[in-house]
Each structure stands twice: as structure tokens, then as C-alpha cells.
Amino acid sequence: MSLADLVNPHIRELQPYQPGKPVEELERELGIRGSIKLASNEAPLGPSPLALEALEQASGDLNRYPEDDAPYLKRDLAKALEVSEEQILCGSGSDELLDLLGRCFLGPDDEAVFAWPSFAMYPIVAKSQGARAVQVPLDGDLRTDVDRLAEAVGERTRILFLSNPNNPTGTSIGRDDFERLLRAVPERVVIVSDEAYHEYVRREDFPLSLGLISRRPTLVVLRTFSKVYGLAGLRVGYGVGDPELISLVARARHPFNVNTLAQAAARGALSDPGHVGKVRDLTHRGLERLESGLRELGLRFAASDANFLLVEVGDGAGIYDRLLRRGVITRPMAGFGLQRHIRVTVGLPEENQRFLDTLAQELSR
Ligand SMILES: Cc1ncc(COP(=O)(O)O)c(C=O)c1O
């Protein structure tokens, strides 16, 4: 008997998500020290002191189950976002919300449409329901092609995932494109606007997606505390949508799906917009430094509205490996079909400079 034969075929065939390796593990493997991790689009600073304070207070209650359905976090979010609490569903990272949406709307032979390269969880979410992942190539400038996305929607399409800004390119779509997409895609298709990097966006005309939910009940907006809020380690994100749709999706969630510490820290983080501004400013300055340094090296990169850059370095796998051996951890892109690129997350000023210096040396070898 083969154990693999016992597993549902669509699960057996899944390619698992490839996370960036923890620094400690890599250093042990390579026998090096003092590495910097610019690989997983995390914030360069830790969370707000108010989040840390809330964590400490909440840690006295760990023998108790969490508040179910994160009522206080939902209340705080509703106030901050100017939506109603009934429109919000919190999850263990926005990954959990992607999974819940897949479980609620996709079944065998259904289709999920999304641009590609994009966030690696979309094909996993689709295929884990036995659905087909319909990948729509980005345009020549590595931008999401809204018209081609809409054209790819067919009779069997149930979900359209839109990473905006798009991971791993950092490119974003503006209000006109977003609204054109909403008009072109039938309302029976759930459009998931995955805005994990929303707080970093620099363009003025970024879609005001939350305001469009009342016009399109099948639009769901996902955001996270993993990025600008610096809470990736606690796993907390949220979705905003039509109240009825949200209550239907919430039926599929596990009880207590957001743990006590995550709820407390997210509330603390939300109460400190000054910290968010600090991380955003530091990131924008870092992005500008990286952009000018890469230009000096004659390298091309996609126009980024997020906290990372997709850089064309030539031999992507080779450069990734050489940087790694020198303790600069970036993300290889061959798994996304981008053989000539690496993705680098904006770090602290000294980390950005070390990346640029090491890259310059490795390119000239
Ligand atoms: C586009 C996109 N969506 C969702 C996520 C998942 O974030 P979370 O940590 O909230 O699960 C990520 C994380 O990298 C992402 O890049």
C-alpha cells in the first residue's frame, strides 16, 4: 500500500509553498554569521511599542481560549477603516482568508483566475480544492494586464485573485483599471483584492476598494498585520466584504482562529499610526536608495509600489546563490518562471547598502 494513494489526488499533486529559510538555519548550513534577510517582504523594524505592551498584558491570560471571532479587533478595524464590524472577518494571516475563500467558492473543475507571476498561494488555494488555476501572463513591463485577466474569466470561474500591489513584481494597478476589471467580470465571480502591501503604496490613484464593496457584493479586500505593522510572526490578517458574504465565509472558519496574542498585538499596532508612518517613511527612503543604486549598476527593475523590488540581474539563480554565500538573503525567482530576476525586500539603511555593495561585487566578478 502506498500512503500517497490514500490522499486525494489534487492534494497529492500540490507543490507546497516554499518559504524563505530562517536566518539561523542558513547560517548553520553555510557556516557563516551576520547574515541579513531581505527575502520575505517583512518590515525592517519590529512592531509598535504599543503592540509589544499589549502582548505582555495578554500573555497573562494564555490558559484561556481567545475571544472568538476577534470582536474587539473587528471593532477597532471597523472604526479605522470606516466600515461596519459585520463587514470584517479576521484570520490567522491573510493566508487563512485566502484558504477560506477557496474552500467556500471553489470545487472540483471550477476555475480560479489570477495573473502570473503573482502570490504563490493562489495556485495552492485553487488546487487544494481540486479547482483549476488559470494563470494569465503579466504584460511586457511585468504589470497585471486587466483586460487579459477579464478575458480569461469563463463559465467555470468562481474566484479572481488580484494581488495589488503584485507580489513578486511590486507593480500595482490604478483606479481606472480596477474599476474596469470590476465592470468586465460578471458579479457571480468573487474578486479578491489582496492588498497585503497597501500601506506602502506611493501612487495617488490607488483604488479605493473598500468604497466599492457596497456596489459589488462579490468584492473582498484582504489586508494584513504581517507587513507594515511588523507582526508577521503572530499571523493576523483580515478581509472586508459584503456583510452577508462575510457571514457565509465565516461559517467555514475554525473557532478561535486568531489567537489571543495576535488579537492583542494587532489592536496595539492599530492604535499607533505614528509607527506605521515611521516604517513607511523608512521603507520609502530605502526603496529610493535601492532604486538609485540599481540604476548606477545599470540594472533594470519593475516599478514597485510595495516594500520590495524585482531586479533583473541576468543569472538569477547564480546571483541569488552568490549573495547567499555572502550572507545576503534574497528570494530566487526561477520558480515563478523569472530566470533572470531576484526579489529583494527593503531593509534597514545599512542592509540596503550591504545588498548593493555585495551585488556590485558579485556582478563584476
Ligand atoms: C500578496 C500577498 N498576499 C498575502 C500574503 C500573506 O500574508 P499573511 O502573512 O497575512 O498571511 C502575502 C505574504 O507574503 C502576500 O505577499
# chains A, B, ... in the order shown; residues from 1 in each chain; ligands from 1
$ residues_near_ligand --ligand "ligand 1" --cutoff "7 Å" --atoms "only C-alpha atoms and all ligand atoms" --output "count of residues only"
22
$ select_by_dssp --residues "stretch 253-349 of chain A" --states "alpha helix (DSSP H)" --output "PDB file with C-alpha atoms, in the first residue's frame"
ATOM      1  CA  THR A 260      -5.039  35.800  21.965  1.00  0.00           C
ATOM      2  CA  LEU A 261      -1.604  37.335  21.420  1.00  0.00           C
ATOM      3  CA  ALA A 262      -2.298  38.105  17.770  1.00  0.00           C
ATOM      4  CA  GLN A 263      -5.563  39.872  18.604  1.00  0.00           C
ATOM      5  CA  ALA A 264      -3.961  41.932  21.358  1.00  0.00           C
ATOM      6  CA  ALA A 265      -0.885  42.907  19.369  1.00  0.00           C
ATOM      7  CA  ALA A 266      -2.911  43.809  16.280  1.00  0.00           C
ATOM      8  CA  ARG A 267      -5.077  46.138  18.371  1.00  0.00           C
ATOM      9  CA  GLY A 268      -1.991  47.752  19.884  1.00  0.00           C
ATOM     10  CA  ALA A 269      -0.424  48.149  16.441  1.00  0.00           C
ATOM     11  CA  LEU A 270      -3.587  49.690  15.024  1.00  0.00           C
ATOM     12  CA  PRO A 273      -0.466  55.158  13.243  1.00  0.00           C
ATOM     13  CA  GLY A 274       2.739  57.078  14.004  1.00  0.00           C
ATOM     14  CA  HIS A 275       4.693  53.819  13.967  1.00  0.00           C
ATOM     15  CA  VAL A 276       3.164  52.825  10.642  1.00  0.00           C
ATOM     16  CA  GLY A 277       4.230  56.196   9.237  1.00  0.00           C
ATOM     17  CA  LYS A 278       7.761  55.648  10.539  1.00  0.00           C
ATOM     18  CA  VAL A 279       8.056  52.219   8.892  1.00  0.00           C
ATOM     19  CA  ARG A 280       6.542  53.548   5.678  1.00  0.00           C
ATOM     20  CA  ASP A 281       8.940  56.521   5.519  1.00  0.00           C
ATOM     21  CA  LEU A 282      11.963  54.353   6.291  1.00  0.00           C
ATOM     22  CA  THR A 283      10.863  51.909   3.606  1.00  0.00           C
ATOM     23  CA  HIS A 284      10.298  54.611   1.006  1.00  0.00           C
ATOM     24  CA  ARG A 285      13.729  56.089   1.668  1.00  0.00           C
ATOM     25  CA  GLY A 286      15.227  52.585   1.419  1.00  0.00           C
ATOM     26  CA  LEU A 287      13.362  51.928  -1.817  1.00  0.00           C
ATOM     27  CA  GLU A 288      14.732  55.162  -3.300  1.00  0.00           C
ATOM     28  CA  ARG A 289      18.264  54.240  -2.241  1.00  0.00           C
ATOM     29  CA  LEU A 290      17.930  50.774  -3.771  1.00  0.00           C
ATOM     30  CA  GLU A 291      16.427  52.210  -6.960  1.00  0.00           C
ATOM     31  CA  SER A 292      19.242  54.715  -7.434  1.00  0.00           C
ATOM     32  CA  GLY A 293      21.916  52.133  -6.548  1.00  0.00           C
ATOM     33  CA  LEU A 294      20.477  49.638  -9.040  1.00  0.00           C
ATOM     34  CA  ARG A 295      20.324  52.319 -11.740  1.00  0.00           C
ATOM     35  CA  GLU A 296      24.000  53.089 -11.121  1.00  0.00           C
ATOM     36  CA  GLY A 316      19.051  34.951 -11.218  1.00  0.00           C
ATOM     37  CA  ALA A 317      19.833  31.595  -9.585  1.00  0.00           C
ATOM     38  CA  GLY A 318      23.599  32.212  -9.716  1.00  0.00           C
ATOM     39  CA  ILE A 319      23.438  35.718  -8.234  1.00  0.00           C
ATOM     40  CA  TYR A 320      20.968  34.589  -5.567  1.00  0.00           C
ATOM     41  CA  ASP A 321      23.382  31.847  -4.561  1.00  0.00           C
ATOM     42  CA  ARG A 322      26.453  34.087  -4.524  1.00  0.00           C
ATOM     43  CA  LEU A 323      24.687  36.717  -2.415  1.00  0.00           C
ATOM     44  CA  LEU A 324      23.514  33.972  -0.069  1.00  0.00           C
ATOM     45  CA  ARG A 325      27.036  32.678   0.479  1.00  0.00           C
ATOM     46  CA  PRO A 349      19.678  51.600   5.528  1.00  0.00           C
TER      47      PRO A 349
END
$ residues_around --residues "stretch 335-344 of chain A" --least-positions-apart "2" --cutoff "9 Å" --atoms "only C-alpha atoms" --output "NGL selection string"
:A and (38-41 or 116-118 or 120 or 168-169 or 301 or 307-317 or 319-320 or 329-333 or 346-347 or 355)
$ write_last_selection --atoms "N, CA and C atoms" --output "JSON list (two decimals), in the first residue's frame"
[["chain", "number", "residue", "atom", "x", "y", "z"],
["A", 38, "LEU", "N", 16.61, 39.67, 3.46],
["A", 38, "LEU", "CA", 15.82, 40.60, 2.64],
["A", 38, "LEU", "C", 14.99, 39.74, 1.69],
["A", 39, "ALA", "N", 14.34, 38.73, 2.26],
["A", 39, "ALA", "CA", 13.74, 37.69, 1.41],
["A", 39, "ALA", "C", 12.24, 37.54, 1.52],
["A", 40, "SER", "N", 11.63, 38.01, 2.59],
["A", 40, "SER", "CA", 10.21, 37.66, 2.80],
["A", 40, "SER", "C", 9.29, 38.87, 2.96],
["A", 41, "ASN", "N", 9.75, 40.01, 2.49],
["A", 41, "ASN", "CA", 8.92, 41.22, 2.48],
["A", 41, "ASN", "C", 8.41, 41.60, 3.87],
["A", 116, "TRP", "N", 0.04, 35.94, -13.50],
["A", 116, "TRP", "CA", 1.22, 35.17, -13.13],
["A", 116, "TRP", "C", 2.45, 35.72, -13.80],
["A", 117, "PRO", "N", 3.56, 35.90, -13.05],
["A", 117, "PRO", "CA", 3.79, 35.58, -11.66],
["A", 117, "PRO", "C", 2.99, 36.46, -10.69],
["A", 118, "SER", "N", 2.51, 35.79, -9.63],
["A", 118, "SER", "CA", 1.84, 36.52, -8.56],
["A", 118, "SER", "C", 2.04, 35.72, -7.27],
["A", 120, "ALA", "N", 2.32, 33.16, -4.51],
["A", 120, "ALA", "CA", 2.42, 31.71, -4.69],
["A", 120, "ALA", "C", 1.28, 30.93, -4.03],
["A", 168, "PRO", "N", 5.33, 38.89, -6.93],
["A", 168, "PRO", "CA", 6.66, 39.41, -6.60],
["A", 168, "PRO", "C", 7.14, 40.61, -7.43],
["A", 169, "THR", "N", 6.28, 41.26, -8.19],
["A", 169, "THR", "CA", 6.79, 42.35, -9.05],
["A", 169, "THR", "C", 6.76, 43.71, -8.36],
["A", 301, "PHE", "N", 14.63, 47.15, -13.05],
["A", 301, "PHE", "CA", 13.75, 46.59, -12.01],
["A", 301, "PHE", "C", 12.34, 47.06, -12.30],
["A", 307, "ASN", "N", 7.18, 47.01, -0.63],
["A", 307, "ASN", "CA", 8.44, 47.14, 0.12],
["A", 307, "ASN", "C", 9.49, 46.18, -0.41],
["A", 308, "PHE", "N", 9.44, 45.92, -1.72],
["A", 308, "PHE", "CA", 10.43, 45.03, -2.34],
["A", 308, "PHE", "C", 10.59, 45.41, -3.80],
["A", 309, "LEU", "N", 11.67, 44.91, -4.38],
["A", 309, "LEU", "CA", 11.94, 45.18, -5.80],
["A", 309, "LEU", "C", 12.28, 43.88, -6.51],
["A", 310, "LEU", "N", 11.74, 43.74, -7.69],
["A", 310, "LEU", "CA", 12.09, 42.61, -8.56],
["A", 310, "LEU", "C", 13.16, 43.12, -9.52],
["A", 311, "VAL", "N", 14.36, 42.55, -9.40],
["A", 311, "VAL", "CA", 15.52, 43.10, -10.11],
["A", 311, "VAL", "C", 16.02, 42.10, -11.15],
["A", 312, "GLU", "N", 16.27, 42.59, -12.36],
["A", 312, "GLU", "CA", 16.81, 41.73, -13.42],
["A", 312, "GLU", "C", 18.33, 41.72, -13.30],
["A", 313, "VAL", "N", 18.87, 40.59, -12.85],
["A", 313, "VAL", "CA", 20.32, 40.53, -12.60],
["A", 313, "VAL", "C", 21.07, 39.67, -13.62],
["A", 314, "GLY", "N", 20.32, 39.05, -14.54],
["A", 314, "GLY", "CA", 20.97, 38.16, -15.51],
["A", 314, "GLY", "C", 20.77, 36.71, -15.10],
["A", 315, "ASP", "N", 21.80, 36.15, -14.46],
["A", 315, "ASP", "CA", 21.69, 34.76, -13.98],
["A", 315, "ASP", "C", 21.07, 34.80, -12.57],
["A", 316, "GLY", "N", 19.75, 34.78, -12.50],
["A", 316, "GLY", "CA", 19.05, 34.95, -11.22],
["A", 316, "GLY", "C", 19.49, 33.94, -10.17],
["A", 317, "ALA", "N", 19.51, 32.65, -10.56],
["A", 317, "ALA", "CA", 19.83, 31.60, -9.58],
["A", 317, "ALA", "C", 21.28, 31.76, -9.11],
["A", 319, "ILE", "N", 23.24, 34.53, -9.08],
["A", 319, "ILE", "CA", 23.44, 35.72, -8.23],
["A", 319, "ILE", "C", 22.81, 35.49, -6.86],
["A", 320, "TYR", "N", 21.62, 34.90, -6.85],
["A", 320, "TYR", "CA", 20.97, 34.59, -5.57],
["A", 320, "TYR", "C", 21.93, 33.77, -4.70],
["A", 329, "ILE", "N", 20.52, 37.47, 2.07],
["A", 329, "ILE", "CA", 19.48, 36.52, 1.65],
["A", 329, "ILE", "C", 18.39, 37.26, 0.88],
["A", 330, "THR", "N", 18.25, 36.91, -0.39],
["A", 330, "THR", "CA", 17.18, 37.48, -1.22],
["A", 330, "THR", "C", 16.27, 36.31, -1.63],
["A", 331, "ARG", "N", 15.38, 36.54, -2.57],
["A", 331, "ARG", "CA", 14.48, 35.45, -2.98],
["A", 331, "ARG", "C", 14.75, 35.10, -4.44],
["A", 332, "PRO", "N", 15.04, 33.82, -4.73],
["A", 332, "PRO", "CA", 15.22, 33.45, -6.13],
["A", 332, "PRO", "C", 13.86, 33.41, -6.82],
["A", 333, "MET", "N", 13.84, 33.61, -8.11],
["A", 333, "MET", "CA", 12.56, 33.76, -8.81],
["A", 333, "MET", "C", 12.31, 32.70, -9.88],
["A", 346, "VAL", "N", 13.11, 45.66, 0.98],
["A", 346, "VAL", "CA", 13.77, 46.84, 1.54],
["A", 346, "VAL", "C", 14.07, 46.57, 3.02],
["A", 347, "GLY", "N", 15.31, 46.81, 3.42],
["A", 347, "GLY", "CA", 15.70, 46.59, 4.81],
["A", 347, "GLY", "C", 16.06, 47.90, 5.49],
["A", 355, "PHE", "N", 23.50, 45.12, 0.63],
["A", 355, "PHE", "CA", 22.97, 44.41, -0.56],
["A", 355, "PHE", "C", 23.57, 45.00, -1.83]]
$ closest_atom_pairs --of "stretch 242-304 of chain A" --to "stretch 135-159 of chain A" --cutoff "12 Å" --atoms "only C-alpha atoms" --output "CSV"
residue,atom,partner,partner_atom,distance
A:Arg300,CA,A:Asp141,CA,10.7
A:Phe301,CA,A:Asp141,CA,9.6
A:Ala302,CA,A:Leu142,CA,6.8
A:Ala303,CA,A:Asp141,CA,8.8
A:Ser304,CA,A:Arg143,CA,10.2
$ select_by_dssp --residues "stretch 21-220 of chain A" --states "strand (DSSP E or B)" --output "PDB file with N, CA and C atoms, in the first residue's frame"
ATOM      1  N   ILE A  36      21.962  38.958   6.581  1.00  0.00           N
ATOM      2  CA  ILE A  36      20.784  39.820   6.598  1.00  0.00           C
ATOM      3  C   ILE A  36      19.707  39.189   5.718  1.00  0.00           C
ATOM      4  N   LYS A  37      18.458  39.248   6.201  1.00  0.00           N
ATOM      5  CA  LYS A  37      17.367  38.605   5.461  1.00  0.00           C
ATOM      6  C   LYS A  37      16.521  39.665   4.758  1.00  0.00           C
ATOM      7  N   ILE A  88     -16.294  42.588   8.426  1.00  0.00           N
ATOM      8  CA  ILE A  88     -14.899  42.174   8.644  1.00  0.00           C
ATOM      9  C   ILE A  88     -14.813  40.732   9.132  1.00  0.00           C
ATOM     10  N   LEU A  89     -13.833  40.025   8.594  1.00  0.00           N
ATOM     11  CA  LEU A  89     -13.503  38.690   9.100  1.00  0.00           C
ATOM     12  C   LEU A  89     -11.995  38.653   9.329  1.00  0.00           C
ATOM     13  N   CYS A  90     -11.598  38.300  10.558  1.00  0.00           N
ATOM     14  CA  CYS A  90     -10.155  38.225  10.853  1.00  0.00           C
ATOM     15  C   CYS A  90      -9.682  36.795  10.649  1.00  0.00           C
ATOM     16  N   GLY A  91      -8.417  36.673  10.305  1.00  0.00           N
ATOM     17  CA  GLY A  91      -7.873  35.337  10.067  1.00  0.00           C
ATOM     18  C   GLY A  91      -6.455  35.224  10.577  1.00  0.00           C
ATOM     19  N   GLU A 111     -12.773  27.110 -11.676  1.00  0.00           N
ATOM     20  CA  GLU A 111     -11.521  27.788 -12.031  1.00  0.00           C
ATOM     21  C   GLU A 111     -11.294  29.018 -11.163  1.00  0.00           C
ATOM     22  N   ALA A 112     -10.025  29.230 -10.809  1.00  0.00           N
ATOM     23  CA  ALA A 112      -9.604  30.490 -10.176  1.00  0.00           C
ATOM     24  C   ALA A 112      -8.664  31.173 -11.159  1.00  0.00           C
ATOM     25  N   VAL A 113      -8.932  32.428 -11.450  1.00  0.00           N
ATOM     26  CA  VAL A 113      -8.127  33.183 -12.428  1.00  0.00           C
ATOM     27  C   VAL A 113      -7.227  34.155 -11.669  1.00  0.00           C
ATOM     28  N   PHE A 114      -5.978  34.252 -12.085  1.00  0.00           N
ATOM     29  CA  PHE A 114      -5.074  35.255 -11.480  1.00  0.00           C
ATOM     30  C   PHE A 114      -3.915  35.508 -12.426  1.00  0.00           C
ATOM     31  N   ALA A 115      -3.285  36.665 -12.249  1.00  0.00           N
ATOM     32  CA  ALA A 115      -2.104  36.996 -13.054  1.00  0.00           C
ATOM     33  C   ALA A 115      -0.946  36.097 -12.614  1.00  0.00           C
ATOM     34  N   TRP A 116       0.039  35.945 -13.505  1.00  0.00           N
ATOM     35  CA  TRP A 116       1.221  35.168 -13.126  1.00  0.00           C
ATOM     36  C   TRP A 116       2.454  35.722 -13.801  1.00  0.00           C
ATOM     37  N   ARG A 132      -9.122  24.390 -11.031  1.00  0.00           N
ATOM     38  CA  ARG A 132      -8.063  24.674 -11.992  1.00  0.00           C
ATOM     39  C   ARG A 132      -7.522  26.078 -11.753  1.00  0.00           C
ATOM     40  N   ALA A 133      -6.189  26.220 -11.783  1.00  0.00           N
ATOM     41  CA  ALA A 133      -5.566  27.543 -11.632  1.00  0.00           C
ATOM     42  C   ALA A 133      -5.324  28.102 -13.021  1.00  0.00           C
ATOM     43  N   VAL A 134      -6.013  29.173 -13.379  1.00  0.00           N
ATOM     44  CA  VAL A 134      -5.853  29.771 -14.705  1.00  0.00           C
ATOM     45  C   VAL A 134      -4.914  30.965 -14.565  1.00  0.00           C
ATOM     46  N   GLN A 135      -3.691  30.820 -15.087  1.00  0.00           N
ATOM     47  CA  GLN A 135      -2.659  31.839 -14.883  1.00  0.00           C
ATOM     48  C   GLN A 135      -2.555  32.729 -16.120  1.00  0.00           C
ATOM     49  N   VAL A 136      -2.700  34.017 -15.904  1.00  0.00           N
ATOM     50  CA  VAL A 136      -2.707  34.983 -17.006  1.00  0.00           C
ATOM     51  C   VAL A 136      -1.378  35.747 -16.986  1.00  0.00           C
ATOM     52  N   PRO A 137      -0.555  35.615 -18.046  1.00  0.00           N
ATOM     53  CA  PRO A 137       0.770  36.256 -18.008  1.00  0.00           C
ATOM     54  C   PRO A 137       0.687  37.775 -17.798  1.00  0.00           C
ATOM     55  N   THR A 157     -15.379  29.986 -13.878  1.00  0.00           N
ATOM     56  CA  THR A 157     -14.587  30.812 -12.950  1.00  0.00           C
ATOM     57  C   THR A 157     -15.432  31.201 -11.747  1.00  0.00           C
ATOM     58  N   ARG A 158     -14.893  30.953 -10.561  1.00  0.00           N
ATOM     59  CA  ARG A 158     -15.601  31.316  -9.327  1.00  0.00           C
ATOM     60  C   ARG A 158     -14.882  32.439  -8.574  1.00  0.00           C
ATOM     61  N   ILE A 159     -13.541  32.481  -8.728  1.00  0.00           N
ATOM     62  CA  ILE A 159     -12.738  33.478  -7.989  1.00  0.00           C
ATOM     63  C   ILE A 159     -11.719  34.093  -8.931  1.00  0.00           C
ATOM     64  N   LEU A 160     -11.493  35.384  -8.744  1.00  0.00           N
ATOM     65  CA  LEU A 160     -10.373  36.051  -9.413  1.00  0.00           C
ATOM     66  C   LEU A 160      -9.509  36.660  -8.306  1.00  0.00           C
ATOM     67  N   PHE A 161      -8.265  36.217  -8.211  1.00  0.00           N
ATOM     68  CA  PHE A 161      -7.335  36.769  -7.219  1.00  0.00           C
ATOM     69  C   PHE A 161      -6.530  37.891  -7.868  1.00  0.00           C
ATOM     70  N   LEU A 162      -6.503  39.033  -7.209  1.00  0.00           N
ATOM     71  CA  LEU A 162      -5.714  40.162  -7.713  1.00  0.00           C
ATOM     72  C   LEU A 162      -4.789  40.619  -6.588  1.00  0.00           C
ATOM     73  N   SER A 163      -3.500  40.418  -6.754  1.00  0.00           N
ATOM     74  CA  SER A 163      -2.549  40.915  -5.767  1.00  0.00           C
ATOM     75  C   SER A 163      -2.213  42.350  -6.174  1.00  0.00           C
ATOM     76  N   VAL A 190     -16.232  35.976  -7.537  1.00  0.00           N
ATOM     77  CA  VAL A 190     -15.716  36.715  -6.374  1.00  0.00           C
ATOM     78  C   VAL A 190     -14.348  37.300  -6.729  1.00  0.00           C
ATOM     79  N   ILE A 191     -14.242  38.617  -6.657  1.00  0.00           N
ATOM     80  CA  ILE A 191     -12.947  39.274  -6.908  1.00  0.00           C
ATOM     81  C   ILE A 191     -12.274  39.525  -5.558  1.00  0.00           C
ATOM     82  N   VAL A 192     -11.094  38.950  -5.392  1.00  0.00           N
ATOM     83  CA  VAL A 192     -10.352  39.113  -4.135  1.00  0.00           C
ATOM     84  C   VAL A 192      -9.225  40.102  -4.389  1.00  0.00           C
ATOM     85  N   SER A 193      -9.353  41.304  -3.835  1.00  0.00           N
ATOM     86  CA  SER A 193      -8.303  42.302  -3.982  1.00  0.00           C
ATOM     87  C   SER A 193      -7.360  42.142  -2.789  1.00  0.00           C
ATOM     88  N   ASP A 194      -6.239  41.484  -3.033  1.00  0.00           N
ATOM     89  CA  ASP A 194      -5.309  41.121  -1.969  1.00  0.00           C
ATOM     90  C   ASP A 194      -4.305  42.272  -1.809  1.00  0.00           C
ATOM     91  N   LEU A 219     -17.010  41.564  -4.042  1.00  0.00           N
ATOM     92  CA  LEU A 219     -15.634  42.068  -3.933  1.00  0.00           C
ATOM     93  C   LEU A 219     -15.177  41.882  -2.481  1.00  0.00           C
ATOM     94  N   VAL A 220     -14.038  41.220  -2.290  1.00  0.00           N
ATOM     95  CA  VAL A 220     -13.479  41.046  -0.944  1.00  0.00           C
ATOM     96  C   VAL A 220     -12.075  41.646  -0.936  1.00  0.00           C
TER      97      VAL A 220
END
$ closest_residue --among "A:Gly170, A:Pro123, A:Pro44, A:Pro243" --to "A:Leu14" --atoms "only C-alpha atoms"
A:Pro123
$ atom_distance --atom1 "atom CA of A:Asp61" --atom2 "atom CA of A:Gln87"
28.1 Å
$ closest_residue --among "A:Leu299, A:Ala306, A:Met121, A:Leu234" --to "A:Ala51" --atoms "only C-alpha atoms"
A:Leu234
$ residues_around --residues "A:Arg175" --least-positions-apart "6" --cutoff "9 Å" --atoms "only C-alpha atoms" --output "number ranges by chain"
A: 205-209
$ write_last_selection --atoms "N, CA and C atoms" --output "PDB file, in the first residue's frame"
ATOM      1  N   ASP A 205      -3.394  57.350  -7.354  1.00  0.00           N
ATOM      2  CA  ASP A 205      -4.691  56.857  -7.846  1.00  0.00           C
ATOM      3  C   ASP A 205      -4.912  55.387  -7.499  1.00  0.00           C
ATOM      4  N   PHE A 206      -4.371  54.947  -6.359  1.00  0.00           N
ATOM      5  CA  PHE A 206      -4.604  53.555  -5.957  1.00  0.00           C
ATOM      6  C   PHE A 206      -6.109  53.361  -5.719  1.00  0.00           C
ATOM      7  N   PRO A 207      -6.652  52.209  -6.129  1.00  0.00           N
ATOM      8  CA  PRO A 207      -8.104  52.008  -5.999  1.00  0.00           C
ATOM      9  C   PRO A 207      -8.596  52.144  -4.561  1.00  0.00           C
ATOM     10  N   LEU A 208      -9.744  52.808  -4.410  1.00  0.00           N
ATOM     11  CA  LEU A 208     -10.374  52.907  -3.087  1.00  0.00           C
ATOM     12  C   LEU A 208     -11.339  51.728  -2.980  1.00  0.00           C
ATOM     13  N   SER A 209     -10.739  50.544  -2.846  1.00  0.00           N
ATOM     14  CA  SER A 209     -11.510  49.308  -2.999  1.00  0.00           C
ATOM     15  C   SER A 209     -12.606  49.160  -1.937  1.00  0.00           C
TER      16      SER A 209
END
$ atom_distance --atom1 "atom CA of A:Leu50" --atom2 "atom CA of A:Asp272"
6.9 Å
$ closest_residue --among "A:Val125, A:Gly327, A:Arg215, A:Leu3" --to "A:Arg28" --atoms "only C-alpha atoms"
A:Gly327
$ atom_distance --atom1 "atom CA of A:Glu244" --atom2 "atom CA of A:Arg216"
12.2 Å
$ closest_residue --among "A:Pro9, A:Gly230, A:Gly174, A:Pro71" --to "A:Phe256" --atoms "only C-alpha atoms"
A:Pro71
$ residues_around --residues "A:Ala131" --least-positions-apart "2" --cutoff "6 Å" --atoms "only C-alpha atoms" --output "MDAnalysis selection string"
chainID A and resid 107:111 126:127 129
$ write_last_selection --atoms "N, CA and C atoms" --output "JSON list (two decimals), in the first residue's frame"
[["chain", "number", "residue", "atom", "x", "y", "z"],
["A", 107, "GLY", "N", -14.66, 24.43, -6.14],
["A", 107, "GLY", "CA", -14.82, 22.98, -6.05],
["A", 107, "GLY", "C", -14.14, 22.36, -7.25],
["A", 108, "PRO", "N", -14.17, 21.01, -7.33],
["A", 108, "PRO", "CA", -13.52, 20.34, -8.45],
["A", 108, "PRO", "C", -14.07, 20.87, -9.78],
["A", 109, "ASP", "N", -13.16, 21.08, -10.69],
["A", 109, "ASP", "CA", -13.46, 21.57, -12.05],
["A", 109, "ASP", "C", -13.84, 23.05, -12.12],
["A", 110, "ASP", "N", -13.93, 23.74, -10.98],
["A", 110, "ASP", "CA", -14.09, 25.19, -11.04],
["A", 110, "ASP", "C", -12.73, 25.81, -11.41],
["A", 111, "GLU", "N", -12.77, 27.11, -11.68],
["A", 111, "GLU", "CA", -11.52, 27.79, -12.03],
["A", 111, "GLU", "C", -11.29, 29.02, -11.16],
["A", 126, "ALA", "N", -6.26, 27.20, -5.05],
["A", 126, "ALA", "CA", -7.15, 26.64, -6.10],
["A", 126, "ALA", "C", -7.00, 25.14, -6.16],
["A", 127, "LYS", "N", -5.77, 24.67, -6.27],
["A", 127, "LYS", "CA", -5.57, 23.24, -6.49],
["A", 127, "LYS", "C", -5.95, 22.42, -5.27],
["A", 129, "GLN", "N", -8.48, 22.68, -3.65],
["A", 129, "GLN", "CA", -9.93, 22.39, -3.75],
["A", 129, "GLN", "C", -10.24, 21.56, -4.99]]
$ closest_residue --among "A:Leu55, A:Leu248, A:Val240, A:Val23" --to "A:Leu222" --atoms "only C-alpha atoms"
A:Val240
